[in-house]
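Just below is one structure, and these are the notes that go with it.
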Amino acid sequence: MTVTLDCRICGGTLHEFFDFGRQPLADAFVTPGDASEEFFHRLAVAMCASCTMVQLLEDVPRERMFRTDYPYLSSGSTAMQEHFRATARYFLDRELRDPGDLVVEFGSNDGIMLDTVARAGRRHLGVEPCAGVAQAAAAKGIRVRNAFFEESTAADVAATEGPAKVIYAANTFSHISYVDSVFRGVDALLAPDGVFVFEDPYMADIIERTSFDQIYDEHFYFFTVRSVQAMAAHYGFELVDVEHLPVHGGEIRYTVARPGARTPSPAVARYLELEKVGRITERSTLDRFASNIESLRATLRGLLERCRDEGRSVVGYGATAKSATLTNYCGIGPDLVSFIADSTPAKQGTLSPGSHIPVRSPEAFADPYPDYALLFAWNHAEEIMRKESRFRDRGGRWILYVPEVRVL
Ligand code: SAM
Ligand code: TMP
Ligand code: ZN
């Protein structure tokens with residue numbers, strides 16, 4: 001376990017702004033009866049006084065987080081399926097114009113984005129360390145390397161496949177503390193006029209919506225346009241475009257290129273200005289974020305305790321990685337939320353990390369419907385509420401906590 005005291009990128013001084021204490025690994029669902037000790041780490045978050053990158057203070061070894069049985073499936077939501085189909089079409093139309101052009105995706109998971117590229121008969125390669133999801137992608141006919149993307153993997157891919165026109169990573173680059181090795185890998189693999197595109201949760205949205213449950217072991221960095229611009233420059237690249245995406249509660253898609261290879265879009269300057277006006281990187285903003293986290297905990301716990309004291313049943317919906325921070329930090333266990341309904345086969349029949357709330361299939365949700373459902377998968381609210389519309393028809397109420405605690 002590495003405890004970081006200086007910025008992982010520029011070596012600047014880190015200012016801690018929140019400490020969630022001892023937390024489990026967010027995707028380490030527990031098998032009932034398993035006697036082995038659960039792994040906990042200190043989850044604390046800080047901002048660099050020099051480059052403004054927000055980062056965790058402790059770096060969990062990657063093999064502990066990204067194992068063969070990693071349970072998260074990217075195709076678990078129809079909205080994300082559509083998002084990744086659109087992303088593939090965007091690359092096919094704008095970047096992969098020559099039939100020989102190659103796209104490499106790291107963190108390709110079950111192959112949801114590359115599937116569209118493969119169906120179009122175009123050159124592609126996924127790089128995915130978790131064997132289970134990598135095999136799921138390979139079974140669909142997608143070319144995948146079961147490895148961590150880093151300098152050596154990228155150099156090897158460059159030697160065997162030639163340069164990549166596009167290197168892409170969704171909800172993965174911010175998971176990687178060793179960005180120096182990744183940038184050296186991008187340098188080895190990227191074509192002279194190629195682009196490195198990545199999309200990750202946006203710190204400005206997390207602050208504005210108090211969606212502190214985005215903070216957990218796998219999310220090592222929390223990007224802003226300013227900090228990504230500084231990071232790209234630090235490693236010899238240039239940030240040339242940004243696009244705000246509605247997925248996962250607000251993300252930014254960053255496009256990075258070799259210096260001078262592309263004309264920067266006006267969106268970069270616009271977002272830098274918005275972040276300045278919004279004082280995103282000021283200590284007072286982070287202090288306010290910290291006090292909003294504490295108030296949210298008090299309000300949500302109060303509501304759940306009232307439900308329990310009045311004999312109302314509460315079930316969770318979506319055993320998200322995010323819910324690990326929420327339940328463990330707020331002290332929400334099976335006494336307040338009796339089980340969590342989730343469609344992921346590998347999560348069903350397990351207990352949630354640390355808080356040990358049983359996870360069941362969505363069929364259990366209707367058998368019988370509870371009085372309240374706490375929506376842990378708030379980023380999929382529309383899709384889930386549509387799918388479970390009978391719940392409300394039967395008098396059930398949804399509890400949401402982003403951007404504030406409310407009952408619908
Ligand atoms: N890209 C998918 C999406 O957006 O739904 C999957 C995101 S999932 C939260 C993170 C993925 O990153 C996991 O499949 C994990 O195995 C992968 N990952 C973590 N470190 C990696 C690395 N160094 N190289 C490639 N993939 C990595
Ligand atoms: P995510 O927020 O990290 O994408 O995780 C969403 C979780 O919610 C994942 O475990 C799958 C689950 N889920 C359902 O159970 N039903 C659904 O309809 C959707 C969209 C997600
Ligand atoms: Zn820094």
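Simple scheme: letters A, B, ... for chains in structure tokens order, numbers from 1 for residues in each chain, numbers from 1 for ligands in the order shown.
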Taking the DSSP secondary structure from the backbone, can you list the residues of region 153-259 of chain A that are alpha helix (DSSP H), as JSON, numbers by chain?
{"A": [153, 154, 155, 156, 157, 158, 159, 160, 161, 179, 180, 181, 182, 183, 184, 185, 186, 187, 188, 189, 203, 204, 205, 206, 207, 208, 209, 225, 226, 227, 228, 229, 230, 231, 232, 233, 234]}
Selection within 6 Å of ligand 2 by only C-alpha atoms and all ligand atoms, output as a list in words:
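For ligand 2, the residues inside 6 Å are Gly76, Ser77, Gly318, Ala319, Thr320, Ala321, Asp342, Ser343, Thr344, Ala377, Asn379, His380, Glu383 and Ile384 of chain A.
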I'd like to know which of A:Glu82, A:Glu128, A:Glu275, A:Glu388 is closest to Thr116 (chain A), using only C-alpha atoms.
A:Glu82
Selection near region 177-191 of chain A, 7 Å with only C-alpha atoms, sequence-local residues under 3 positions removed, as number ranges by chain
A: 149-152, 154-155, 158, 163-165, 194, 220, 235
Point out the residue among A:Ala49, A:Met65, A:Ile293, A:Ala28 with the least atom-to-atom distance to ligand 1, counting only C-alpha atoms and all ligand atoms.
A:Met65
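Comparing A:Thr281, A:Asn146, A:Ser313, A:Ser389 by their smallest distance to ligand 1, the closest is A:Asn146 (using only C-alpha atoms and all ligand atoms).
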Per residue of chain A within 9 Å of ligand 3, what are the shortest atom pair and its distance in Å to one decimal, counting only C-alpha atoms and all ligand atoms, with rows by chain and residue number, as JSON lines?
```
{"residue": "A:Asp6", "atom": "CA", "partner": "ligand 3", "partner_atom_place_in_ligand_line": "1 (Zn)", "distance": 7.7}
{"residue": "A:Cys7", "atom": "CA", "partner": "ligand 3", "partner_atom_place_in_ligand_line": "1 (Zn)", "distance": 4.5}
{"residue": "A:Arg8", "atom": "CA", "partner": "ligand 3", "partner_atom_place_in_ligand_line": "1 (Zn)", "distance": 6.7}
{"residue": "A:Ile9", "atom": "CA", "partner": "ligand 3", "partner_atom_place_in_ligand_line": "1 (Zn)", "distance": 5.1}
{"residue": "A:Cys10", "atom": "CA", "partner": "ligand 3", "partner_atom_place_in_ligand_line": "1 (Zn)", "distance": 4.1}
{"residue": "A:Gly11", "atom": "CA", "partner": "ligand 3", "partner_atom_place_in_ligand_line": "1 (Zn)", "distance": 5.7}
{"residue": "A:Gly12", "atom": "CA", "partner": "ligand 3", "partner_atom_place_in_ligand_line": "1 (Zn)", "distance": 4.7}
{"residue": "A:Thr13", "atom": "CA", "partner": "ligand 3", "partner_atom_place_in_ligand_line": "1 (Zn)", "distance": 7.2}
{"residue": "A:Leu14", "atom": "CA", "partner": "ligand 3", "partner_atom_place_in_ligand_line": "1 (Zn)", "distance": 7.6}
{"residue": "A:Met47", "atom": "CA", "partner": "ligand 3", "partner_atom_place_in_ligand_line": "1 (Zn)", "distance": 7.9}
{"residue": "A:Cys48", "atom": "CA", "partner": "ligand 3", "partner_atom_place_in_ligand_line": "1 (Zn)", "distance": 4.6}
{"residue": "A:Ala49", "atom": "CA", "partner": "ligand 3", "partner_atom_place_in_ligand_line": "1 (Zn)", "distance": 6.7}
{"residue": "A:Ser50", "atom": "CA", "partner": "ligand 3", "partner_atom_place_in_ligand_line": "1 (Zn)", "distance": 5.1}
{"residue": "A:Cys51", "atom": "CA", "partner": "ligand 3", "partner_atom_place_in_ligand_line": "1 (Zn)", "distance": 4.0}
{"residue": "A:Thr52", "atom": "CA", "partner": "ligand 3", "partner_atom_place_in_ligand_line": "1 (Zn)", "distance": 5.9}
{"residue": "A:Met53", "atom": "CA", "partner": "ligand 3", "partner_atom_place_in_ligand_line": "1 (Zn)", "distance": 5.6}
{"residue": "A:Val54", "atom": "CA", "partner": "ligand 3", "partner_atom_place_in_ligand_line": "1 (Zn)", "distance": 8.4}
{"residue": "A:Ser227", "atom": "CA", "partner": "ligand 3", "partner_atom_place_in_ligand_line": "1 (Zn)", "distance": 8.2}
{"residue": "A:Ala230", "atom": "CA", "partner": "ligand 3", "partner_atom_place_in_ligand_line": "1 (Zn)", "distance": 8.5}
{"residue": "A:Met231", "atom": "CA", "partner": "ligand 3", "partner_atom_place_in_ligand_line": "1 (Zn)", "distance": 8.2}
```
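Contact shell of Leu408 (chain A) at 8 Å (only C-alpha atoms; same-chain neighbours under 2 positions omitted): Arg397, Trp398, Ile399, Leu400 and Arg406 of chain A.
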If DSSP is run on the backbone, what residues of region 224-368 of chain A are strand (DSSP E)? A reply as a list in words would be ideal.
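Answer for region 224-368 of chain A, restricted to strand (DSSP E): Glu238, Leu239, Val240, Asp241, Val242, Glu243, His244, Leu245, Glu251, Ile252, Arg253, Tyr254, Thr255, Val256, Ala257, Val314, Val315, Gly316, Tyr317, Ile340, Ala341, Val359 and Arg360 of chain A.
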Can you work out the spacing between CA of Val195 (chain A) and CA of His244 (chain A) in Å, to one decimal?
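A separation of 17.6 Å between them.
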Non-local contacts of Gly33 (chain A) (10 Å; only C-alpha atoms; under 3 positions in same chain excluded) as a list of chain:residue names:
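Those residues are A:Val30, A:Ser36, A:Thr350.
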Store the residues of this selection in a file with C-alpha atoms, as a JSON list (two decimals), in the first residue's frame.
```json
[["chain", "number", "residue", "atom", "x", "y", "z"],
["A", 30, "VAL", "CA", -18.41, -10.80, 0.09],
["A", 36, "SER", "CA", -11.25, -14.59, 5.25],
["A", 350, "THR", "CA", -23.27, -11.87, -2.07]]
```
Exercise: region 367-373 of chain A partners within 9 Å, only C-alpha atoms, chain neighbours under 6 positions left out, as number ranges by chain
A: 307, 312-317, 337, 391, 394-400, 407
Take CA of Val104 (chain A) and CA of Asp205 (chain A) and report the distance between them in Å, one decimal.
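Between these atoms lies a distance of 28.2 Å.
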Near-region 18-26 of chain A list (9 Å; only C-alpha atoms; drop same-chain fewer than 3 positions) as a PyMOL selection string:
chain A and resi 29+38-46+60+64-65+216-218+286-287+290+320-325+328-329+352-355
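CA of Ile112 (chain A) sits 7.7 Å away from CA of Arg85 (chain A).
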Go through A:Cys330, A:Leu73, A:Val166, A:Leu374 and flag the residue nearest ligand 1, using only C-alpha atoms and all ligand atoms for the distances.
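Counting only C-alpha atoms and all ligand atoms, the residue closest to ligand 1 is A:Leu73.
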Could you check which of A:Leu272, A:Val405, A:Val133, A:Leu92 is closest to Arg119 (chain A), using only C-alpha atoms?
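Of the candidates, the smallest distance to Arg119 (chain A) is held by A:Leu92.
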For ligand 1, which residue out of A:Glu161, A:Asp34, A:Asp156, A:Asp200 is the nearest one, using only C-alpha atoms and all ligand atoms?
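Among the listed residues, the smallest separation from ligand 1 belongs to A:Asp200.
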